[in-house]
$ cat target33.txt   # compact mmCIF, C-alpha atoms
# COMPACT_ATOMS: atom_id res chain seq x y z
CA MET A 1 18.70 59.86 5.94
CA GLN A 2 21.53 58.50 3.88
CA ASN A 3 23.98 59.28 6.61
CA ILE A 4 22.00 57.33 9.18
CA ASN A 5 21.80 54.34 6.84
CA ASN A 6 25.55 54.34 6.18
CA HIS A 7 26.32 54.83 9.83
CA PHE A 8 24.03 51.92 10.70
CA GLY A 9 25.74 49.74 7.98
CA ILE A 10 29.26 50.39 9.24
CA LYS A 11 28.26 49.50 12.79
CA LYS A 12 26.83 46.20 11.60
CA VAL A 13 30.04 45.30 9.83
CA LEU A 14 32.10 46.26 12.85
CA TYR A 15 30.04 44.15 15.22
CA LEU A 16 30.26 41.26 12.78
CA ILE A 17 34.04 41.50 12.72
CA LEU A 18 34.27 41.69 16.50
CA THR A 19 31.95 38.69 16.89
CA LEU A 20 33.95 36.61 14.47
CA GLY A 21 37.14 37.62 16.21
CA PHE A 22 35.75 36.61 19.60
CA LEU A 23 34.50 33.26 18.32
CA THR A 24 37.84 32.50 16.68
CA ALA A 25 39.65 33.29 19.91
CA VAL A 26 37.57 31.02 22.09
CA SER A 27 36.77 28.17 19.71
CA GLN A 28 38.42 24.76 19.92
CA PRO A 29 39.67 22.90 16.82
CA PHE A 30 37.78 19.68 15.95
CA ASN A 31 40.85 17.44 16.21
CA ASN A 32 41.88 18.71 19.59
CA SER A 33 42.26 15.24 21.10
CA ARG A 34 44.09 15.66 24.28
CA LYS A 35 47.49 14.03 24.05
CA ASN A 36 49.17 12.39 26.96
CA THR A 37 51.83 14.43 28.68
CA PRO A 38 55.29 12.85 29.02
CA ASP A 39 54.68 12.13 32.70
CA GLU A 40 51.42 10.39 31.93
CA ILE A 41 53.21 8.29 29.32
CA LYS A 42 55.86 7.25 31.84
CA THR A 43 53.16 6.19 34.28
CA LEU A 44 51.37 4.16 31.63
CA VAL A 45 54.59 2.44 30.56
CA ALA A 46 55.56 1.72 34.14
CA ALA A 47 52.15 0.20 34.77
CA LYS A 48 52.43 -1.98 31.68
CA SER A 49 55.93 -3.04 32.72
CA GLU A 50 54.65 -4.31 36.00
CA ILE A 51 52.24 -6.58 34.18
CA ASN A 52 54.89 -7.62 31.58
CA PRO A 53 58.28 -6.97 33.14
CA PRO A 54 60.97 -6.66 30.43
CA ARG A 55 63.78 -9.23 30.26
CA VAL A 56 66.91 -7.78 31.74
CA ILE A 57 69.08 -6.73 28.76
CA SER A 58 72.45 -5.95 30.25
CA GLY A 59 72.94 -2.91 28.03
CA GLU A 60 75.33 -1.24 30.32
CA THR A 61 77.72 -4.05 31.34
CA GLU A 62 81.39 -3.76 30.47
CA GLU A 63 81.20 -6.95 28.43
CA ASN A 64 78.39 -5.66 26.31
CA LYS A 65 80.04 -2.32 25.71
CA LYS A 66 83.16 -4.13 24.54
CA ARG A 67 81.10 -6.33 22.22
CA GLU A 68 79.35 -3.32 20.72
CA LYS A 69 82.66 -1.55 20.21
CA GLU A 70 84.10 -4.57 18.43
CA SER A 71 81.04 -4.89 16.23
CA ALA A 72 81.33 -1.24 15.18
CA GLN A 73 85.05 -1.61 14.56
CA ALA A 74 84.48 -4.69 12.43
CA PHE A 75 82.11 -2.70 10.27
CA ILE A 76 84.61 0.13 9.90
CA LYS A 77 87.08 -2.47 8.70
CA ALA A 78 84.64 -3.85 6.13
CA TYR A 79 83.62 -0.31 5.15
CA ARG A 80 86.99 0.18 3.49
CA VAL A 81 86.11 -2.63 1.10
CA PHE A 82 82.55 -1.46 0.45
CA MET A 83 83.83 1.98 -0.50
CA HIS A 84 86.72 0.70 -2.61
CA PRO A 85 86.34 1.36 -6.37
CA ARG A 86 85.95 -2.37 -7.11
CA CYS A 87 82.69 -2.28 -5.14
CA MET A 88 81.58 1.32 -5.07
CA ASN A 89 81.96 1.88 -8.81
CA CYS A 90 78.83 -0.14 -9.41
CA HIS A 91 76.96 1.40 -6.48
CA PRO A 92 77.01 5.01 -7.67
CA VAL A 93 74.71 7.80 -6.60
CA GLY A 94 73.95 8.76 -10.21
CA ASP A 95 72.73 6.69 -13.12
CA ALA A 96 76.13 6.17 -14.69
CA PRO A 97 78.52 3.58 -13.30
CA LEU A 98 81.94 4.73 -12.18
CA GLN A 99 85.16 3.57 -13.72
CA GLY A 100 88.76 3.08 -12.70
CA ASP A 101 90.60 3.55 -9.45
CA ASP A 102 89.76 7.24 -9.47
CA SER A 103 86.05 6.42 -9.87
CA HIS A 104 85.48 8.83 -12.74
CA ILE A 105 82.16 8.59 -14.54
CA HIS A 106 82.14 5.68 -17.00
CA ALA A 107 83.06 6.65 -20.56
CA GLN A 108 80.70 6.64 -23.54
CA ASN A 109 77.62 7.94 -21.69
CA VAL A 110 76.79 4.49 -20.36
CA THR A 111 73.68 4.59 -18.16
CA ARG A 112 71.90 2.30 -15.74
CA GLY A 113 68.61 1.75 -17.57
CA PRO A 114 65.51 0.54 -15.73
CA ASP A 115 66.88 -2.93 -15.00
CA GLY A 116 70.47 -1.87 -14.37
CA LYS A 117 71.71 -3.64 -17.48
CA GLY A 118 72.17 -0.57 -19.67
CA LEU A 119 70.32 0.80 -22.67
CA TYR A 120 70.05 0.18 -26.42
CA ALA A 121 73.45 -0.47 -28.02
CA MET A 122 75.16 0.44 -24.71
CA LYS A 123 74.08 -2.45 -22.53
CA CYS A 124 76.71 -3.60 -20.06
CA SER A 125 77.12 -7.00 -21.70
CA ASN A 126 77.59 -5.42 -25.12
CA CYS A 127 81.17 -4.65 -24.09
CA HIS A 128 81.73 -6.53 -20.83
CA GLN A 129 82.25 -10.14 -21.84
CA PRO A 130 81.60 -13.22 -19.67
CA GLN A 131 85.34 -13.19 -18.86
CA HIS A 132 87.96 -10.45 -18.46
CA VAL A 133 89.39 -9.19 -21.73
CA PRO A 134 93.19 -9.36 -21.36
CA GLY A 135 95.26 -6.23 -21.82
CA GLU A 136 95.46 -2.73 -20.43
CA ASN A 137 92.32 -0.56 -20.63
CA MET A 138 90.30 -3.55 -21.74
CA PRO A 139 86.96 -4.14 -20.05
CA PRO A 140 86.85 -6.62 -17.17
CA GLY A 141 84.06 -9.17 -17.40
CA HIS A 142 81.44 -11.33 -15.81
CA ALA A 143 78.33 -13.00 -17.24
CA LEU A 144 76.20 -10.97 -14.78
CA TRP A 145 77.82 -7.56 -15.30
CA HIS A 146 75.20 -4.97 -14.32
CA LEU A 147 74.21 -2.22 -11.90
CA PRO A 148 71.46 -2.38 -9.32
CA PRO A 149 68.08 -1.67 -10.98
CA ALA A 150 66.57 1.80 -11.01
CA ASN A 151 64.00 0.89 -8.38
CA ARG A 152 66.59 -0.35 -5.91
CA LYS A 153 69.79 1.54 -6.54
CA MET A 154 71.69 0.46 -3.41
CA VAL A 155 73.84 3.56 -3.43
CA PHE A 156 77.17 3.28 -1.56
CA GLU A 157 78.79 6.40 -2.99
CA GLY A 158 78.97 9.25 -0.50
CA LYS A 159 77.71 7.25 2.47
CA SER A 160 79.29 7.43 5.90
CA PRO A 161 79.90 4.20 7.87
CA ALA A 162 76.82 4.89 9.98
CA GLN A 163 74.65 5.46 6.92
CA LEU A 164 75.93 2.38 5.10
CA ALA A 165 75.47 0.15 8.17
CA ALA A 166 71.93 1.40 8.60
CA HIS A 167 71.23 0.82 4.92
CA PHE A 168 72.40 -2.78 5.05
CA LYS A 169 70.03 -3.43 7.93
CA ASP A 170 67.14 -1.92 5.96
CA ASN A 171 65.42 -4.57 3.85
CA ASN A 172 63.99 -1.87 1.60
CA PHE A 173 67.54 -0.90 0.69
CA THR A 174 68.89 -4.39 0.16
CA GLY A 175 65.88 -6.40 -0.96
CA PHE A 176 66.82 -8.99 1.68
CA LYS A 177 64.19 -10.77 3.73
CA ASP A 178 66.53 -12.07 6.43
CA PHE A 179 69.32 -9.54 6.95
CA LYS A 180 71.67 -11.66 9.06
CA LYS A 181 71.65 -14.73 6.83
CA GLU A 182 71.48 -13.04 3.47
CA MET A 183 74.02 -10.30 4.20
CA LEU A 184 76.66 -12.83 5.08
CA HIS A 185 75.76 -15.13 2.21
CA HIS A 186 75.96 -12.20 -0.17
CA VAL A 187 79.44 -11.05 0.76
CA GLU A 188 80.66 -14.63 0.90
CA HIS A 189 79.13 -16.15 -2.24
CA GLU A 190 77.67 -13.51 -4.57
CA PRO A 191 79.47 -14.00 -7.93
CA LEU A 192 79.96 -10.29 -8.68
CA VAL A 193 81.44 -9.77 -5.20
CA LEU A 194 83.92 -12.59 -5.70
CA ASN A 195 84.71 -11.27 -9.18
CA SER A 196 85.83 -7.94 -7.69
CA TRP A 197 88.97 -9.56 -6.35
CA THR A 198 90.01 -10.87 -9.76
CA TYR A 199 90.87 -7.75 -11.74
CA GLY A 200 92.35 -4.31 -11.36
CA THR A 201 93.51 -2.91 -8.05
CA PRO A 202 92.07 -5.27 -5.40
CA PRO A 203 90.21 -4.07 -2.31
CA PRO A 204 92.29 -3.42 0.84
CA LEU A 205 91.25 -6.66 2.55
CA SER A 206 91.36 -10.14 1.11
CA HIS A 207 87.97 -11.67 0.46
CA GLU A 208 88.38 -13.95 3.50
CA GLU A 209 89.27 -11.02 5.79
CA PHE A 210 86.34 -9.06 4.41
CA VAL A 211 83.87 -11.87 5.03
CA ALA A 212 85.28 -12.33 8.55
CA ALA A 213 84.83 -8.62 9.29
CA VAL A 214 81.22 -8.64 8.09
CA LYS A 215 80.55 -11.81 10.10
CA GLU A 216 82.02 -10.23 13.24
CA TRP A 217 79.91 -7.11 12.71
CA ILE A 218 76.73 -9.15 12.42
CA ASP A 219 77.52 -11.68 15.16
CA LYS A 220 78.35 -8.99 17.71
CA GLY A 221 75.10 -7.16 17.15
CA ALA A 222 75.35 -5.40 13.78
CA VAL A 223 76.00 -2.20 15.66
CA ILE A 224 75.75 1.02 13.72
CA PRO A 225 79.05 2.81 14.22
CA LYS A 226 79.04 6.42 15.34
CA MET B 227 84.93 -25.98 -35.21
CA ILE B 228 82.81 -22.95 -34.43
CA LYS B 229 79.28 -22.93 -35.84
CA LEU B 230 77.92 -19.50 -36.68
CA THR B 231 74.82 -18.22 -38.43
CA VAL B 232 75.75 -14.93 -40.05
CA ASN B 233 73.16 -12.94 -41.97
CA ASN B 234 70.98 -16.07 -42.06
CA LYS B 235 73.69 -18.26 -43.59
CA SER B 236 75.34 -21.11 -41.69
CA TYR B 237 79.10 -21.28 -41.42
CA GLU B 238 81.55 -23.67 -39.83
CA VAL B 239 84.74 -21.89 -38.92
CA ASP B 240 88.04 -23.30 -37.78
CA ALA B 241 89.12 -20.70 -35.26
CA PRO B 242 90.42 -20.78 -31.68
CA PRO B 243 87.58 -19.99 -29.24
CA ASP B 244 89.28 -16.80 -28.01
CA MET B 245 89.72 -15.29 -31.47
CA PRO B 246 87.82 -11.98 -31.61
CA LEU B 247 84.54 -12.30 -33.50
CA LEU B 248 85.61 -9.34 -35.66
CA TRP B 249 88.60 -11.25 -36.98
CA VAL B 250 86.43 -14.25 -37.82
CA ILE B 251 83.89 -12.06 -39.64
CA ARG B 252 86.48 -10.12 -41.62
CA ASP B 253 89.32 -12.59 -42.19
CA LYS B 254 87.58 -15.94 -42.24
CA LEU B 255 84.17 -15.04 -43.64
CA ARG B 256 85.41 -12.15 -45.78
CA LEU B 257 82.60 -9.87 -44.60
CA THR B 258 84.58 -6.68 -44.45
CA GLY B 259 81.78 -4.18 -43.93
CA THR B 260 82.41 -4.33 -40.18
CA LYS B 261 85.45 -2.26 -39.28
CA TYR B 262 88.34 -2.40 -36.82
CA GLY B 263 88.60 1.05 -35.23
CA CYS B 264 90.32 0.69 -31.88
CA GLY B 265 90.32 -2.95 -30.83
CA ALA B 266 89.33 -1.93 -27.30
CA ALA B 267 85.53 -1.47 -27.40
CA GLN B 268 85.98 2.30 -27.30
CA CYS B 269 84.81 3.42 -30.77
CA GLY B 270 81.90 1.20 -31.86
CA ALA B 271 83.05 0.68 -35.46
CA CYS B 272 82.99 -3.09 -34.88
CA THR B 273 79.36 -3.22 -33.72
CA VAL B 274 77.41 -6.27 -34.92
CA HIS B 275 74.25 -7.94 -33.64
CA LEU B 276 74.47 -11.13 -31.57
CA ASN B 277 70.96 -12.55 -31.15
CA GLY B 278 69.61 -9.06 -31.71
CA ASP B 279 71.84 -7.35 -29.17
CA ALA B 280 74.67 -5.04 -30.17
CA VAL B 281 78.11 -6.39 -29.30
CA ARG B 282 81.59 -5.01 -29.91
CA SER B 283 83.06 -7.74 -32.04
CA CYS B 284 86.67 -6.58 -31.58
CA ILE B 285 86.73 -7.95 -28.03
CA THR B 286 83.96 -10.55 -28.21
CA PRO B 287 85.53 -14.01 -28.32
CA VAL B 288 84.05 -16.08 -31.14
CA ALA B 289 83.18 -18.75 -28.54
CA ARG B 290 80.48 -16.40 -27.25
CA ALA B 291 78.84 -16.48 -30.71
CA ASP B 292 79.20 -20.24 -31.20
CA GLY B 293 75.77 -21.61 -32.11
CA HIS B 294 74.20 -18.15 -32.22
CA GLU B 295 72.95 -15.64 -34.80
CA ILE B 296 75.02 -12.77 -36.03
CA ILE B 297 73.85 -9.92 -38.22
CA THR B 298 76.42 -7.62 -39.79
CA ILE B 299 76.01 -4.46 -41.86
CA GLU B 300 75.85 -6.66 -44.95
CA GLY B 301 72.69 -8.28 -43.61
CA ILE B 302 70.93 -5.40 -41.91
CA SER B 303 68.90 -4.46 -44.99
CA GLU B 304 66.95 -7.72 -44.64
CA ASP B 305 65.41 -6.17 -41.54
CA VAL B 306 62.76 -3.49 -42.01
CA THR B 307 64.36 -1.14 -39.47
CA GLY B 308 67.77 -1.66 -41.04
CA LYS B 309 66.44 -0.89 -44.49
CA ARG B 310 64.81 2.33 -43.28
CA LEU B 311 68.05 3.38 -41.64
CA GLN B 312 70.06 2.73 -44.77
CA ASN B 313 67.60 4.75 -46.85
CA ALA B 314 67.61 7.57 -44.32
CA TRP B 315 71.42 7.53 -44.33
CA ILE B 316 71.38 7.93 -48.10
CA GLU B 317 68.70 10.61 -48.09
CA GLU B 318 70.53 12.65 -45.43
CA ASP B 319 73.92 12.12 -47.07
CA VAL B 320 75.32 11.04 -43.71
CA PRO B 321 78.77 9.50 -44.38
CA GLN B 322 81.91 11.46 -44.98
CA CYS B 323 84.76 8.98 -44.94
CA GLY B 324 82.30 6.27 -43.97
CA TYR B 325 84.54 4.26 -41.66
CA CYS B 326 82.35 4.50 -38.57
CA GLN B 327 79.05 4.27 -40.37
CA SER B 328 78.56 0.50 -40.32
CA GLY B 329 78.77 0.62 -36.55
CA GLN B 330 76.55 3.68 -36.41
CA ILE B 331 73.80 1.96 -38.38
CA MET B 332 74.05 -1.24 -36.33
CA ALA B 333 73.76 0.76 -33.11
CA ALA B 334 70.90 2.85 -34.50
CA ALA B 335 69.02 -0.32 -35.43
CA VAL B 336 69.12 -1.53 -31.82
CA LEU B 337 67.89 1.88 -30.67
CA LEU B 338 64.97 2.01 -33.12
CA ARG B 339 63.88 -1.51 -32.36
CA ALA B 340 63.66 -0.66 -28.68
CA LYS B 341 62.20 2.82 -29.14
CA ALA B 342 60.35 3.50 -32.38
CA ARG B 343 60.31 7.28 -31.90
CA PRO B 344 63.48 8.13 -30.01
CA THR B 345 63.98 11.56 -28.49
CA ASP B 346 67.26 13.40 -28.84
CA ASN B 347 68.11 12.21 -25.32
CA ASP B 348 67.46 8.60 -26.34
CA ILE B 349 69.78 9.11 -29.30
CA ASP B 350 72.42 10.50 -26.94
CA LEU B 351 72.11 7.49 -24.67
CA GLY B 352 72.05 4.91 -27.44
CA MET B 353 74.59 6.35 -29.85
CA ALA B 354 77.22 8.00 -27.63
CA GLY B 355 79.37 4.90 -27.88
CA ASN B 356 79.82 5.21 -31.64
CA ILE B 357 82.34 7.90 -32.40
CA CYS B 358 82.95 9.63 -35.74
CA ARG B 359 86.26 11.34 -36.52
CA CYS B 360 84.68 13.29 -39.37
CA GLY B 361 81.98 14.73 -37.15
CA THR B 362 78.86 13.57 -38.99
CA TYR B 363 76.92 13.46 -35.72
CA GLN B 364 74.27 16.00 -36.74
CA ARG B 365 73.47 14.08 -39.90
CA ILE B 366 73.39 10.79 -37.98
CA ARG B 367 70.86 12.27 -35.56
CA LYS B 368 68.77 13.65 -38.40
CA ALA B 369 68.84 10.35 -40.26
CA ILE B 370 67.72 8.43 -37.16
CA HIS B 371 64.75 10.79 -36.74
CA ARG B 372 64.03 10.43 -40.43
CA ALA B 373 64.12 6.63 -40.31
CA ALA B 374 61.84 6.70 -37.26
CA GLU B 375 59.26 8.65 -39.23
CA MET B 376 59.34 6.41 -42.28
CA LYS B 377 56.34 4.18 -42.85
$ encode --input "target33.txt" --output "structure tokens"
Amino acid sequence: MQNINNHFGIKKVLYLILTLGFLTAVSQPFNNSRKNTPDEIKTLVAAKSEINPPRVISGETEENKKREKESAQAFIKAYRVFMHPRCMNCHPVGDAPLQGDDSHIHAQNVTRGPDGKGLYAMKCSNCHQPQHVPGENMPPGHALWHLPPANRKMVFEGKSPAQLAAHFKDNNFTGFKDFKKEMLHHVEHEPLVLNSWTYGTPPPLSHEEFVAAVKEWIDKGAVIPK
Amino acid sequence: MIKLTVNNKSYEVDAPPDMPLLWVIRDKLRLTGTKYGCGAAQCGACTVHLNGDAVRSCITPVARADGHEIITIEGISEDVTGKRLQNAWIEEDVPQCGYCQSGQIMAAAVLLRAKARPTDNDIDLGMAGNICRCGTYQRIRKAIHRAAEMK
């Protein structure tokens, strides 16, 4: 009797497993919305284009290719300034500013702090005066000496030209609202930018050349170099 | 004439505007508790408070302090945090030669005002700029924790 009962129990379990397996194999998931195939997409786009034909953007003309090349080259030129210690040292990847022409980590465990102005008795302006302190190894100065804040670090360090160009065009990175206007205004008039040409080893372009390079980059399409 | 308020007293000082604040404090006002350690903002012995913020007086031109409030080590006991720090310093027997300690206390006061119960990491970040040739760092750290716990 017992044997029959066990035998009957095992069969039940086996059938249950097989049934579940079958159902799993043939069932459809709930979110199985049928997606358009690439061909269908092309047809849809083509149809839309007939209703709203795109303006002809001469992407492939010789003139345009030249313009794009010049834009990229202008950025590469400006890149050498962006990545120079006088700029990059205050756009570090970590939370300590960099120091000197060899961009070593700033002495005395100075850190960014939430607002970029340092912490406790080690705030930037505790040592960096409103003007340069004369003499070797003395701190340079500006009334606005500070790093970008912790919530918008604007890291230059370690970025390739393509990455940096893309960052500048990203308003989340820069905090700009109007990239074209504000980018140019920033490199031309921002006090800390101007200050960078007044102490230590200067960047490889003059400020005027730098501004011209950034302007050319923007005017010719702000192309992201390869 | 430069007008300064130092430790809640008003002074009028005849000094060129680019004279370091430290020189004015020590030589003109005869407040010699603040020390000259390096003259290059690299040791912290010259730390005083300018409107509540630590500054390195050896490179701060006195013009920056004109019309503003300075507190030196001589005046820090008027402040409740400063008094606690001084007591903690005594209780923990912190100083050895003592030369850096004025600056240490002035820096610690800024730290405790901003963070009443600092962690060891906060102490690292706030005090790393004040160096001590005698190596009293462990006692400084202990005294800061002690002052933080005082009522």
$ interface_residues --input "target33.txt" --of "chain A" --to "chain B" --cutoff "12 Å" --atoms "all atoms listed in the file" --output "ChimeraX atom specification"
/A:95-96,106-113,118-141,143
$ residues_around --input "target33.txt" --residues "segment 188-205 of chain A" --least-positions-apart "4" --cutoff "9 Å" --atoms "all atoms listed in the file" --output "PyMOL selection string"
chain A and resi 77-78+80-87+100-101+132+140-142+144-145+183-184+209-211
$ closest_residue --input "target33.txt" --among "A:Val26, A:Pro149, A:Lys180, A:Asn171" --to "Lys220 of chain A" --atoms "only C-alpha atoms"
A:Lys180
$ atom_distance --input "target33.txt" --atom1 "atom CA of Arg252 of chain B" --atom2 "atom CA of Val306 of chain B"
24.6 Å
$ atom_distance --input "target33.txt" --atom1 "atom CA of Arg343 of chain B" --atom2 "atom CA of Gly324 of chain B"
25.1 Å
$ atom_distance --input "target33.txt" --atom1 "atom CA of Ala150 of chain A" --atom2 "atom CA of Pro114 of chain A"
5.0 Å
$ closest_residue --input "target33.txt" --among "B:Asp319, B:Asn233, B:Gly361, B:Cys272" --to "Ser303 of chain B" --atoms "only C-alpha atoms"
B:Asn233
$ residues_around --input "target33.txt" --residues "Phe75 of chain A" --least-positions-apart "5" --cutoff "9 Å" --atoms "all atoms listed in the file" --output "list of chain:residue names"
A:Glu70, A:Arg80, A:Pro161, A:Ala165, A:Ala213, A:Val214, A:Glu216, A:Trp217, A:Ile218, A:Ala222, A:Val223, A:Ile224, A:Pro225
$ residues_around --input "target33.txt" --residues "Glu238 of chain B" --least-positions-apart "5" --cutoff "12 Å" --atoms "all atoms listed in the file" --output "PyMOL selection string"
chain B and resi 227-232+250-251+254-255+288+291-294
$ residues_around --input "target33.txt" --residues "segment 365-371 of chain B" --least-positions-apart "2" --cutoff "8 Å" --atoms "all atoms listed in the file" --output "ChimeraX atom specification"
/B:311,314-315,317-320,330,334,343-344,346,349,362-363,373-375
$ write_last_selection --input "target33.txt" --atoms "C-alpha atoms" --output "CSV table (one decimal), in the coordinates of the input"
chain,number,residue,atom,x,y,z
B,311,LEU,CA,68.0,3.4,-41.6
B,314,ALA,CA,67.6,7.6,-44.3
B,315,TRP,CA,71.4,7.5,-44.3
B,317,GLU,CA,68.7,10.6,-48.1
B,318,GLU,CA,70.5,12.6,-45.4
B,319,ASP,CA,73.9,12.1,-47.1
B,320,VAL,CA,75.3,11.0,-43.7
B,330,GLN,CA,76.6,3.7,-36.4
B,334,ALA,CA,70.9,2.8,-34.5
B,343,ARG,CA,60.3,7.3,-31.9
B,344,PRO,CA,63.5,8.1,-30.0
B,346,ASP,CA,67.3,13.4,-28.8
B,349,ILE,CA,69.8,9.1,-29.3
B,362,THR,CA,78.9,13.6,-39.0
B,363,TYR,CA,76.9,13.5,-35.7
B,373,ALA,CA,64.1,6.6,-40.3
B,374,ALA,CA,61.8,6.7,-37.3
B,375,GLU,CA,59.3,8.6,-39.2
$ residues_around --input "target33.txt" --residues "Gly278 of chain B" --least-positions-apart "5" --cutoff "9 Å" --atoms "all atoms listed in the file" --output "NGL selection string"
:B and (295-297 or 336)
$ build_atoms --input "target33.txt" --residues "segment 370-377 of chain B" --atoms "all heavy atoms" --output "PDB file, in the coordinates of the input"
ATOM      1  N   ILE B 370      68.451   9.306 -38.078  1.00  0.00           N
ATOM      2  CA  ILE B 370      67.720   8.430 -37.160  1.00  0.00           C
ATOM      3  C   ILE B 370      66.283   8.924 -37.018  1.00  0.00           C
ATOM      4  O   ILE B 370      65.332   8.136 -37.096  1.00  0.00           O
ATOM      5  CB  ILE B 370      68.420   8.358 -35.783  1.00  0.00           C
ATOM      6  CG1 ILE B 370      69.739   7.603 -35.903  1.00  0.00           C
ATOM      7  CG2 ILE B 370      67.520   7.679 -34.745  1.00  0.00           C
ATOM      8  CD1 ILE B 370      70.565   7.594 -34.623  1.00  0.00           C
ATOM      9  N   HIS B 371      66.108  10.227 -36.828  1.00  0.00           N
ATOM     10  CA  HIS B 371      64.750  10.790 -36.740  1.00  0.00           C
ATOM     11  C   HIS B 371      63.991  10.511 -38.027  1.00  0.00           C
ATOM     12  O   HIS B 371      62.811  10.157 -38.010  1.00  0.00           O
ATOM     13  CB  HIS B 371      64.807  12.299 -36.489  1.00  0.00           C
ATOM     14  CG  HIS B 371      65.127  12.660 -35.070  1.00  0.00           C
ATOM     15  ND1 HIS B 371      64.457  12.130 -33.991  1.00  0.00           N
ATOM     16  CD2 HIS B 371      66.054  13.508 -34.551  1.00  0.00           C
ATOM     17  CE1 HIS B 371      64.951  12.630 -32.866  1.00  0.00           C
ATOM     18  NE2 HIS B 371      65.919  13.465 -33.169  1.00  0.00           N
ATOM     19  N   ARG B 372      64.680  10.644 -39.142  1.00  0.00           N
ATOM     20  CA  ARG B 372      64.030  10.430 -40.430  1.00  0.00           C
ATOM     21  C   ARG B 372      63.584   8.979 -40.579  1.00  0.00           C
ATOM     22  O   ARG B 372      62.467   8.700 -41.019  1.00  0.00           O
ATOM     23  CB  ARG B 372      64.999  10.797 -41.558  1.00  0.00           C
ATOM     24  CG  ARG B 372      64.334  10.825 -42.901  1.00  0.00           C
ATOM     25  CD  ARG B 372      65.244  11.462 -43.934  1.00  0.00           C
ATOM     26  NE  ARG B 372      64.537  11.560 -45.209  1.00  0.00           N
ATOM     27  CZ  ARG B 372      64.636  12.594 -46.034  1.00  0.00           C
ATOM     28  NH1 ARG B 372      65.403  13.613 -45.725  1.00  0.00           N
ATOM     29  NH2 ARG B 372      63.972  12.600 -47.174  1.00  0.00           N
ATOM     30  N   ALA B 373      64.456   8.060 -40.215  1.00  0.00           N
ATOM     31  CA  ALA B 373      64.120   6.630 -40.310  1.00  0.00           C
ATOM     32  C   ALA B 373      62.950   6.300 -39.388  1.00  0.00           C
ATOM     33  O   ALA B 373      62.076   5.499 -39.732  1.00  0.00           O
ATOM     34  CB  ALA B 373      65.326   5.775 -39.943  1.00  0.00           C
ATOM     35  N   ALA B 374      62.921   6.950 -38.222  1.00  0.00           N
ATOM     36  CA  ALA B 374      61.840   6.700 -37.260  1.00  0.00           C
ATOM     37  C   ALA B 374      60.492   7.119 -37.826  1.00  0.00           C
ATOM     38  O   ALA B 374      59.458   6.543 -37.491  1.00  0.00           O
ATOM     39  CB  ALA B 374      62.114   7.429 -35.958  1.00  0.00           C
ATOM     40  N   GLU B 375      60.517   8.134 -38.679  1.00  0.00           N
ATOM     41  CA  GLU B 375      59.260   8.650 -39.230  1.00  0.00           C
ATOM     42  C   GLU B 375      58.839   7.948 -40.497  1.00  0.00           C
ATOM     43  O   GLU B 375      57.740   8.163 -40.977  1.00  0.00           O
ATOM     44  CB  GLU B 375      59.385  10.155 -39.484  1.00  0.00           C
ATOM     45  CG  GLU B 375      59.274  10.985 -38.226  1.00  0.00           C
ATOM     46  CD  GLU B 375      60.020  12.303 -38.331  1.00  0.00           C
ATOM     47  OE1 GLU B 375      60.173  12.793 -39.468  1.00  0.00           O
ATOM     48  OE2 GLU B 375      60.437  12.838 -37.288  1.00  0.00           O
ATOM     49  N   MET B 376      59.688   7.105 -41.034  1.00  0.00           N
ATOM     50  CA  MET B 376      59.340   6.410 -42.280  1.00  0.00           C
ATOM     51  C   MET B 376      58.256   5.379 -42.021  1.00  0.00           C
ATOM     52  O   MET B 376      58.242   4.721 -40.981  1.00  0.00           O
ATOM     53  CB  MET B 376      60.566   5.696 -42.835  1.00  0.00           C
ATOM     54  CG  MET B 376      61.548   6.596 -43.529  1.00  0.00           C
ATOM     55  SD  MET B 376      62.913   5.591 -44.144  1.00  0.00           S
ATOM     56  CE  MET B 376      63.966   6.846 -44.818  1.00  0.00           C
ATOM     57  N   LYS B 377      57.393   5.196 -43.012  1.00  0.00           N
ATOM     58  CA  LYS B 377      56.340   4.180 -42.850  1.00  0.00           C
ATOM     59  C   LYS B 377      56.854   2.834 -43.325  1.00  0.00           C
ATOM     60  O   LYS B 377      57.564   2.759 -44.308  1.00  0.00           O
ATOM     61  CB  LYS B 377      55.097   4.590 -43.637  1.00  0.00           C
ATOM     62  CG  LYS B 377      54.447   5.853 -43.103  1.00  0.00           C
ATOM     63  CD  LYS B 377      53.506   5.558 -41.940  1.00  0.00           C
ATOM     64  CE  LYS B 377      52.977   6.805 -41.300  1.00  0.00           C
ATOM     65  NZ  LYS B 377      53.961   7.416 -40.393  1.00  0.00           N
TER      66      LYS B 377
END
